[in-house]
Each structure stands twice: as structure tokens, then as C-alpha cells.
file input-v7.cif (mmCIF, C-alpha atoms)
data_data
#
loop_
_atom_site.group_PDB
_atom_site.id
_atom_site.type_symbol
_atom_site.label_atom_id
_atom_site.label_comp_id
_atom_site.auth_asym_id
_atom_site.auth_seq_id
_atom_site.Cartn_x
_atom_site.Cartn_y
_atom_site.Cartn_z
ATOM 1 C CA MET A 1 311.517 204.912 -9.111
ATOM 2 C CA TYR A 2 313.419 203.057 -11.808
ATOM 3 C CA ARG A 3 315.046 204.873 -14.693
ATOM 4 C CA LEU A 4 315.448 203.119 -18.040
ATOM 5 C CA TYR A 5 318.085 204.398 -20.437
ATOM 6 C CA GLN A 6 316.845 203.300 -23.827
ATOM 7 C CA HIS A 7 316.789 203.816 -27.571
ATOM 8 C CA PRO A 8 313.187 203.863 -28.859
ATOM 9 C CA GLY A 9 312.483 200.878 -31.087
ATOM 10 C CA SER A 10 315.148 198.701 -29.479
ATOM 11 C CA GLY A 11 313.799 195.289 -28.606
ATOM 12 C CA ASN A 12 316.297 194.886 -25.789
ATOM 13 C CA CYS A 13 315.031 198.114 -24.222
ATOM 14 C CA TYR A 14 311.406 197.174 -24.872
ATOM 15 C CA LYS A 15 311.797 193.937 -22.894
ATOM 16 C CA ILE A 16 312.476 195.890 -19.722
ATOM 17 C CA GLN A 17 309.749 198.456 -20.314
ATOM 18 C CA LEU A 18 307.230 195.686 -20.948
ATOM 19 C CA LEU A 19 308.077 193.920 -17.698
ATOM 20 C CA LEU A 20 307.990 197.176 -15.728
ATOM 21 C CA GLU A 21 304.504 197.789 -17.108
ATOM 22 C CA LEU A 22 303.341 194.235 -16.393
ATOM 23 C CA LEU A 23 304.574 194.544 -12.813
ATOM 24 C CA GLY A 24 303.031 197.990 -12.404
ATOM 25 C CA LEU A 25 306.335 199.470 -11.247
ATOM 26 C CA PRO A 26 307.019 203.214 -11.431
ATOM 27 C CA TYR A 27 309.720 204.210 -13.893
ATOM 28 C CA GLU A 28 310.851 206.907 -16.254
ATOM 29 C CA THR A 29 312.696 206.617 -19.545
ATOM 30 C CA VAL A 30 315.739 208.494 -20.767
ATOM 31 C CA ASN A 31 316.226 208.283 -24.517
ATOM 32 C CA VAL A 32 319.776 207.642 -25.694
ATOM 33 C CA ASN A 33 320.329 208.129 -29.425
ATOM 34 C CA ILE A 34 322.772 205.350 -30.241
ATOM 35 C CA LEU A 35 322.912 206.414 -33.891
ATOM 36 C CA ALA A 36 324.253 209.791 -32.801
ATOM 37 C CA GLY A 37 326.855 208.230 -30.516
ATOM 38 C CA GLU A 38 325.141 209.178 -27.255
ATOM 39 C CA SER A 39 325.892 205.761 -25.755
ATOM 40 C CA ARG A 40 329.618 206.426 -26.239
ATOM 41 C CA THR A 41 329.846 209.607 -24.189
ATOM 42 C CA LEU A 42 331.863 209.591 -20.981
ATOM 43 C CA ALA A 43 328.707 210.217 -18.988
ATOM 44 C CA PHE A 44 326.956 207.169 -20.412
ATOM 45 C CA LEU A 45 330.043 204.952 -20.247
ATOM 46 C CA ALA A 46 330.085 205.607 -16.522
ATOM 47 C CA HIS A 47 326.744 203.756 -16.399
ATOM 48 C CA ASN A 48 327.763 200.985 -18.807
ATOM 49 C CA PRO A 49 331.393 200.662 -19.956
ATOM 50 C CA ALA A 50 330.184 198.532 -22.889
ATOM 51 C CA GLY A 51 328.488 201.621 -24.334
ATOM 52 C CA LYS A 52 325.177 199.896 -24.987
ATOM 53 C CA VAL A 53 321.540 200.365 -24.086
ATOM 54 C CA PRO A 54 319.523 199.398 -22.200
ATOM 55 C CA VAL A 55 320.708 200.314 -18.744
ATOM 56 C CA LEU A 56 318.306 200.106 -15.814
ATOM 57 C CA GLN A 57 319.022 202.450 -12.946
ATOM 58 C CA ILE A 58 317.872 200.712 -9.782
ATOM 59 C CA GLY A 59 319.318 203.095 -7.192
ATOM 60 C CA SER A 60 320.824 206.542 -6.831
ATOM 61 C CA ASP A 61 324.172 205.266 -8.076
ATOM 62 C CA ASP A 62 323.333 201.714 -9.109
ATOM 63 C CA PHE A 63 323.118 200.915 -12.822
ATOM 64 C CA LEU A 64 322.318 197.479 -14.241
ATOM 65 C CA PRO A 65 323.266 196.888 -17.910
ATOM 66 C CA GLU A 66 322.148 193.955 -20.096
ATOM 67 C CA SER A 67 318.474 193.457 -20.826
ATOM 68 C CA ASN A 68 318.134 189.901 -19.580
ATOM 69 C CA ALA A 69 319.937 190.680 -16.334
ATOM 70 C CA ALA A 70 317.443 193.483 -15.775
ATOM 71 C CA LEU A 71 314.548 191.137 -16.556
ATOM 72 C CA TRP A 72 315.795 188.643 -13.977
ATOM 73 C CA TYR A 73 316.302 191.353 -11.354
ATOM 74 C CA LEU A 74 312.819 192.785 -11.816
ATOM 75 C CA ALA A 75 311.086 189.405 -12.046
ATOM 76 C CA GLU A 76 312.509 187.991 -8.811
ATOM 77 C CA GLY A 77 309.622 187.020 -6.535
ATOM 78 C CA SER A 78 306.989 187.567 -9.235
ATOM 79 C CA ARG A 79 304.962 185.223 -11.409
ATOM 80 C CA PHE A 80 307.310 185.930 -14.302
ATOM 81 C CA LEU A 81 310.156 183.874 -12.804
ATOM 82 C CA PRO A 82 309.521 180.293 -11.649
ATOM 83 C CA ALA A 83 310.300 179.504 -8.045
ATOM 84 C CA ASP A 84 311.450 175.938 -8.705
ATOM 85 C CA ARG A 85 315.005 175.040 -9.659
ATOM 86 C CA ARG A 86 314.129 173.278 -12.915
ATOM 87 C CA GLY A 87 311.864 176.056 -14.085
ATOM 88 C CA ARG A 88 314.532 178.677 -13.431
ATOM 89 C CA ALA A 89 317.039 176.601 -15.372
ATOM 90 C CA GLU A 90 314.607 176.524 -18.305
ATOM 91 C CA VAL A 91 314.323 180.298 -18.160
ATOM 92 C CA VAL A 92 318.116 180.555 -18.367
ATOM 93 C CA ARG A 93 318.050 178.134 -21.291
ATOM 94 C CA TRP A 94 315.697 180.320 -23.307
ATOM 95 C CA LEU A 95 317.348 183.594 -22.284
ATOM 96 C CA SER A 96 320.637 182.133 -23.515
ATOM 97 C CA PHE A 97 318.996 180.948 -26.728
ATOM 98 C CA GLU A 98 317.589 184.424 -27.260
ATOM 99 C CA GLN A 99 320.955 186.114 -26.845
ATOM 100 C CA TYR A 100 323.055 183.620 -28.823
ATOM 101 C CA SER A 101 320.752 182.214 -31.528
ATOM 102 C CA HIS A 102 317.864 184.640 -31.943
ATOM 103 C CA GLU A 103 318.791 188.258 -31.165
ATOM 104 C CA PRO A 104 322.149 188.338 -33.011
ATOM 105 C CA ASN A 105 320.331 187.337 -36.187
ATOM 106 C CA VAL A 106 316.796 188.717 -36.138
ATOM 107 C CA ALA A 107 317.723 191.934 -34.336
ATOM 108 C CA THR A 108 320.819 192.564 -36.440
ATOM 109 C CA ALA A 109 318.933 192.063 -39.703
ATOM 110 C CA ARG A 110 316.232 194.399 -38.400
ATOM 111 C CA PHE A 111 318.771 197.022 -37.380
ATOM 112 C CA TRP A 112 320.413 197.022 -40.803
ATOM 113 C CA ILE A 113 317.057 197.305 -42.608
ATOM 114 C CA HIS A 114 314.895 199.351 -40.249
ATOM 115 C CA PHE A 115 317.431 201.721 -38.717
ATOM 116 C CA LEU A 116 320.200 201.909 -41.330
ATOM 117 C CA GLY A 117 318.034 201.711 -44.459
ATOM 118 C CA ASN A 118 319.424 198.402 -45.766
ATOM 119 C CA PRO A 119 322.823 199.608 -47.027
ATOM 120 C CA PRO A 120 324.221 197.456 -49.870
ATOM 121 C CA GLN A 121 327.448 196.598 -48.035
ATOM 122 C CA TYR A 122 325.429 194.348 -45.716
ATOM 123 C CA ALA A 123 323.559 192.476 -48.469
ATOM 124 C CA GLU A 124 325.439 189.177 -48.267
ATOM 125 C CA ARG A 125 325.642 189.127 -44.482
ATOM 126 C CA LEU A 126 321.989 190.121 -44.269
ATOM 127 C CA GLN A 127 320.905 186.935 -46.019
ATOM 128 C CA GLU A 128 323.014 184.897 -43.620
ATOM 129 C CA LYS A 129 321.469 186.643 -40.619
ATOM 130 C CA GLN A 130 317.962 186.166 -41.960
ATOM 131 C CA GLU A 131 318.477 182.447 -42.566
ATOM 132 C CA ALA A 132 319.954 181.973 -39.095
ATOM 133 C CA GLY A 133 316.995 183.915 -37.709
ATOM 134 C CA ARG A 134 314.558 181.615 -39.501
ATOM 135 C CA HIS A 135 316.363 178.620 -38.027
ATOM 136 C CA ALA A 136 315.883 180.060 -34.528
ATOM 137 C CA LEU A 137 312.204 180.673 -35.281
ATOM 138 C CA ARG A 138 311.769 177.064 -36.412
ATOM 139 C CA ILE A 139 313.116 175.875 -33.057
ATOM 140 C CA MET A 140 310.734 178.202 -31.247
ATOM 141 C CA ASP A 141 307.769 177.164 -33.383
ATOM 142 C CA ASP A 142 308.429 173.488 -32.728
ATOM 143 C CA HIS A 143 308.510 174.114 -28.983
ATOM 144 C CA LEU A 144 305.380 176.258 -29.035
ATOM 145 C CA ALA A 145 303.494 173.633 -31.006
ATOM 146 C CA ARG A 146 303.596 171.607 -27.757
ATOM 147 C CA ALA A 147 303.273 174.372 -25.157
ATOM 148 C CA ASP A 148 301.497 177.710 -24.788
ATOM 149 C CA TYR A 149 304.566 179.393 -23.304
ATOM 150 C CA PHE A 150 308.258 178.631 -23.143
ATOM 151 C CA VAL A 151 308.578 177.594 -19.500
ATOM 152 C CA GLY A 152 306.250 175.666 -17.215
ATOM 153 C CA GLY A 153 303.030 176.488 -19.021
ATOM 154 C CA GLY A 154 302.992 180.103 -17.850
ATOM 155 C CA TYR A 155 304.061 183.515 -19.088
ATOM 156 C CA SER A 156 307.627 184.283 -17.947
ATOM 157 C CA ILE A 157 310.587 186.495 -18.747
ATOM 158 C CA ALA A 158 311.630 183.827 -21.266
ATOM 159 C CA ASP A 159 308.563 184.797 -23.300
ATOM 160 C CA ILE A 160 309.189 188.511 -22.808
ATOM 161 C CA ALA A 161 312.780 188.193 -24.016
ATOM 162 C CA LEU A 162 311.841 186.228 -27.121
ATOM 163 C CA TYR A 163 308.746 188.302 -27.886
ATOM 164 C CA ALA A 164 310.699 191.550 -28.173
ATOM 165 C CA TYR A 165 312.337 190.908 -31.531
ATOM 166 C CA THR A 166 310.084 188.105 -32.768
ATOM 167 C CA HIS A 167 307.003 190.323 -32.981
ATOM 168 C CA VAL A 168 308.877 192.779 -35.243
ATOM 169 C CA ALA A 169 310.614 190.147 -37.375
ATOM 170 C CA ASP A 170 308.834 191.559 -40.422
ATOM 171 C CA GLU A 171 311.051 194.632 -40.022
ATOM 172 C CA ALA A 172 313.956 192.266 -40.654
ATOM 173 C CA ASP A 173 312.185 191.008 -43.799
ATOM 174 C CA ILE A 174 311.522 187.696 -42.051
ATOM 175 C CA GLU A 175 307.973 186.489 -42.603
ATOM 176 C CA LEU A 176 306.230 184.853 -39.652
ATOM 177 C CA ALA A 177 303.485 183.134 -41.671
ATOM 178 C CA PRO A 178 305.432 179.832 -41.832
ATOM 179 C CA TYR A 179 305.373 179.633 -38.017
ATOM 180 C CA PRO A 180 301.744 179.169 -36.909
ATOM 181 C CA ALA A 181 302.605 178.261 -33.324
ATOM 182 C CA ILE A 182 304.629 181.466 -32.995
ATOM 183 C CA LEU A 183 301.742 183.509 -34.383
ATOM 184 C CA ALA A 184 299.380 182.002 -31.805
ATOM 185 C CA TRP A 185 301.923 182.668 -29.046
ATOM 186 C CA LEU A 186 302.363 186.279 -30.158
ATOM 187 C CA ALA A 187 298.612 186.735 -29.828
ATOM 188 C CA ARG A 188 298.647 185.236 -26.329
ATOM 189 C CA VAL A 189 301.497 187.466 -25.197
ATOM 190 C CA GLY A 190 299.918 190.543 -26.752
ATOM 191 C CA GLY A 191 296.681 189.764 -24.918
ATOM 192 C CA GLU A 192 298.260 189.608 -21.469
ATOM 193 C CA PRO A 193 296.864 192.173 -18.989
ATOM 194 C CA GLY A 194 299.184 195.161 -18.814
ATOM 195 C CA HIS A 195 300.768 194.539 -22.205
ATOM 196 C CA VAL A 196 302.108 197.628 -23.978
ATOM 197 C CA ALA A 197 303.331 198.094 -27.510
ATOM 198 C CA MET A 198 306.895 198.940 -28.428
ATOM 199 C CA GLU A 199 307.606 202.653 -28.653
ATOM 200 C CA TYR A 200 309.313 204.070 -31.738
#

call {"tool": "encode", "arguments": {"input": "input-v7.cif", "output": "C-alpha cells"}}
result
Amino acid sequence: MYRLYQHPGSGNCYKIQLLLELLGLPYETVNVNILAGESRTLAFLAHNPAGKVPVLQIGSDDFLPESNAALWYLAEGSRFLPADRRGRAEVVRWLSFEQYSHEPNVATARFWIHFLGNPPQYAERLQEKQEAGRHALRIMDDHLARADYFVGGGYSIADIALYAYTHVADEADIELAPYPAILAWLARVGGEPGHVAMEY
């Protein structure tokens, strides 16, 4: 059985839980309160020296940090990871886009607003993050205007990774109404058999 160390409401943690559910794999969750410093304890740092969730325990003493690494590990040999070389490269493309252009902006803005209560010291940087997040969403919307999913016409871990924080962008005060292709894609992803909602 897998064990997922997570903080409820984290999109990066939700990605892994969603894929575990879609694959029908047995797992249990261990909540780690990052706001209380629980990811910085010596016990947790032994699992991930970076002091971040999620961490997926895949063996008795085998811990895999980083959400997209865990997605790749779990998806190997399933329909959520293309078998062909070009398709796998496209998955890496969108996973990289998610981590460098999307998550640092949408997720950070959401964290400041939703988890920290929008403290005034972040006001100027928040606007910058939101605008960069909207730019990432425009790129996604343009792609999805021509395709139902991000890679090869089928649902993959690229979609799971990007869905996690996109579907809660409103919690970052980023409206999704200007992105009709994204809205249609969100509905498709949410309608996939085995889909589960994010836990808070």
C-alpha cells in the first residue's frame, strides 16, 4: 500500500491522490501541517530533505518526493502515460510548463490568499503572480482550443498536473471565464471515471 504525506488543499498533493484514485491503487494519507512547521521536523526531513509535501512512500523505506516525479512513477505502464517517445516528450513539456510557468504563479497567489489570508505585504507581488498566472492560462487555453487534452488526444498525467491548480484558480482571485477552452477541459477532466474532488 502506498502512503501519501500531504497537506490538505495542496494541489501538488492532490495530483497524486487523484492519480491513485484513477488507477484504483490502495493508499493511505498522512496529513502534514506545513503551516505549523511539520514538514521541517527531523522525522519528515528524513523523507524529503527539501522539507516539502507531497512525499509518496512506495516501499518500507522508499520515499519519493516531488509531485510530478510521483505522477510519472505511478503512471508508468498505464493509459495516463503515452508509450511512444514523442508523446512522452510532450508530457515532459507540459509537466515542465506546469512547474515553471503555471504552479509558481497560480499556486503561490492561491497560497497567499487562501491559506495566509492575503496579507498586505504580498500585495504588489500578488498582482505580478496573478498576471503571470493569466499568461500561463492563455497558453493553455490556446492549446486546448485545438485539442481535448494536452497530449495525444487522451487524458494523461499532463492534464492531471495542470488540472490541480487550474480548477481552483478562483481561490487565487484569477477568473477562468476568459478561457472557454479551459472551462470545457475542466469539465472533461472532472467527468473522468474515478475522478475525486480535492480534499480541504

call {"tool": "resolve_selection", "arguments": {"input": "input-v7.cif", "expression": "the PyMOL selection byres ((chain A and resi 84-90) around 9)", "output": "count of residues only"}}
result
12

call {"tool": "resolve_selection", "arguments": {"input": "input-v7.cif", "expression": "the PyMOL selection byres ((chain A and resi 12) around 7)", "output": "NGL selection string"}}
result
:A and (10-11 or 13-15 or 54 or 67 or 164)

call {"tool": "write_last_selection", "arguments": {"input": "input-v7.cif", "atoms": "C-alpha atoms", "output": "compact mmCIF listing (two decimals), keeping the file's coordinate frame"}}
result
# COMPACT_ATOMS: atom_id res chain seq x y z
CA SER A 10 315.15 198.70 -29.48
CA GLY A 11 313.80 195.29 -28.61
CA CYS A 13 315.03 198.11 -24.22
CA TYR A 14 311.41 197.17 -24.87
CA LYS A 15 311.80 193.94 -22.89
CA PRO A 54 319.52 199.40 -22.20
CA SER A 67 318.47 193.46 -20.83
CA ALA A 164 310.70 191.55 -28.17

call {"tool": "atom_distance", "arguments": {"input": "input-v7.cif", "atom1": "atom CA of A:Phe115", "atom2": "atom CA of A:Glu199"}}
result
14.1 Å

call {"tool": "residues_near_point", "arguments": {"input": "input-v7.cif", "point": "(303.5, 195.7, -8.4)", "cutoff": "12 Å", "atoms": "only C-alpha atoms", "output": "list in words"}}
result
Leu19, Leu20, Glu21, Leu22, Leu23, Gly24, Leu25, Pro26, Tyr27, Leu74, Ala75, Glu76, Gly77, Ser78, Arg79 and Gly194 of chain A

call {"tool": "resolve_selection", "arguments": {"input": "input-v7.cif", "expression": "the PyMOL selection byres ((chain A and resi 171) around 9)", "output": "list in words"}}
result
Ala109, Arg110, Phe111, Ile113, His114, Val168, Ala169, Asp170, Ala172, Asp173 and Ile174 of chain A

call {"tool": "closest_residue", "arguments": {"input": "input-v7.cif", "among": "A:Leu116, A:Ala43, A:Leu126, A:Leu4", "to": "A:Pro65", "atoms": "all atoms listed in the file"}}
result
A:Leu4

call {"tool": "axis_aligned_box", "arguments": {"input": "input-v7.cif", "around": "stretch 176-187 of chain A", "padding_each_side": "3 Å", "output": "lines of an AutoDock Vina configuration file"}}
result
center_x = 302.4
center_y = 182.5
center_z = -35.4
size_x = 13.6
size_y = 14.5
size_z = 18.8

call {"tool": "closest_residue", "arguments": {"input": "input-v7.cif", "among": "A:Gln17, A:Pro8, A:Leu71, A:Leu56", "to": "A:Asn33", "atoms": "only C-alpha atoms"}}
result
A:Pro8

call {"tool": "atom_distance", "arguments": {"input": "input-v7.cif", "atom1": "atom CA of A:Ser96", "atom2": "atom CA of A:Ile16"}}
result
16.4 Å

call {"tool": "closest_residue", "arguments": {"input": "input-v7.cif", "among": "A:Pro178, A:Gly133, A:Pro49, A:Gly153", "to": "A:Gln99", "atoms": "all atoms listed in the file"}}
result
A:Gly133
